[in-house]
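Visitor: Following this message is one structure expressed as C-alpha cells.
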Amino acid sequence: MSIIMYLPSMVLSNLTGINVNILIIAMGVIAIIYSYTGGLKSVLWTDFIQGSVLLVGVTFALFYLAGGINGGFGAIF
C-alpha cells in the first residue's frame with residue numbers, strides 16, 4: 001500500500017512542486033472519504049475496473065511485443 005501512495009505522489013510532486021508528504025496525506029484523506037461515502041461497493045467496483053484495465057494492458061503489451069519479434073508468435077513457440 002505504501003508504494004501505491006508514494007509513486008503517484010512523486011509524480012505529482014514533480015509536476016506541481018508540492019511536497020511529497022503533503023500529497024500522500026491528501027491522497028490518503030481522499031481515499032478515506034471515498035471509501036466512507038461509497039462503502040465497500042465503491043471499493044469493489046474500483047478494484048474491478050483497475051483489474052480490467054491491467055488485464056487489457058498486459059494483453060495489449062503481449063501482442064505488441066510478440067509482433068515486434070522477427071517471426072512473430074511462430075518464433076516464440
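Chain labels run A, B, ... following the order of the C-alpha cells; each chain numbers its residues from 1, and ligands are numbered from 1 in the order shown.
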Counting only C-alpha atoms, what is within 7 Å of range 19-30 of chain A, bar same-chain residues fewer than 3 positions away, as number ranges by chain?
Guide: A: 5-6, 9-10, 13, 33-34
Visitor: One number please: CA of Gly57 in chain A to CA of Val11 in chain A, in Å, one decimal.
Guide: 20.6 Å
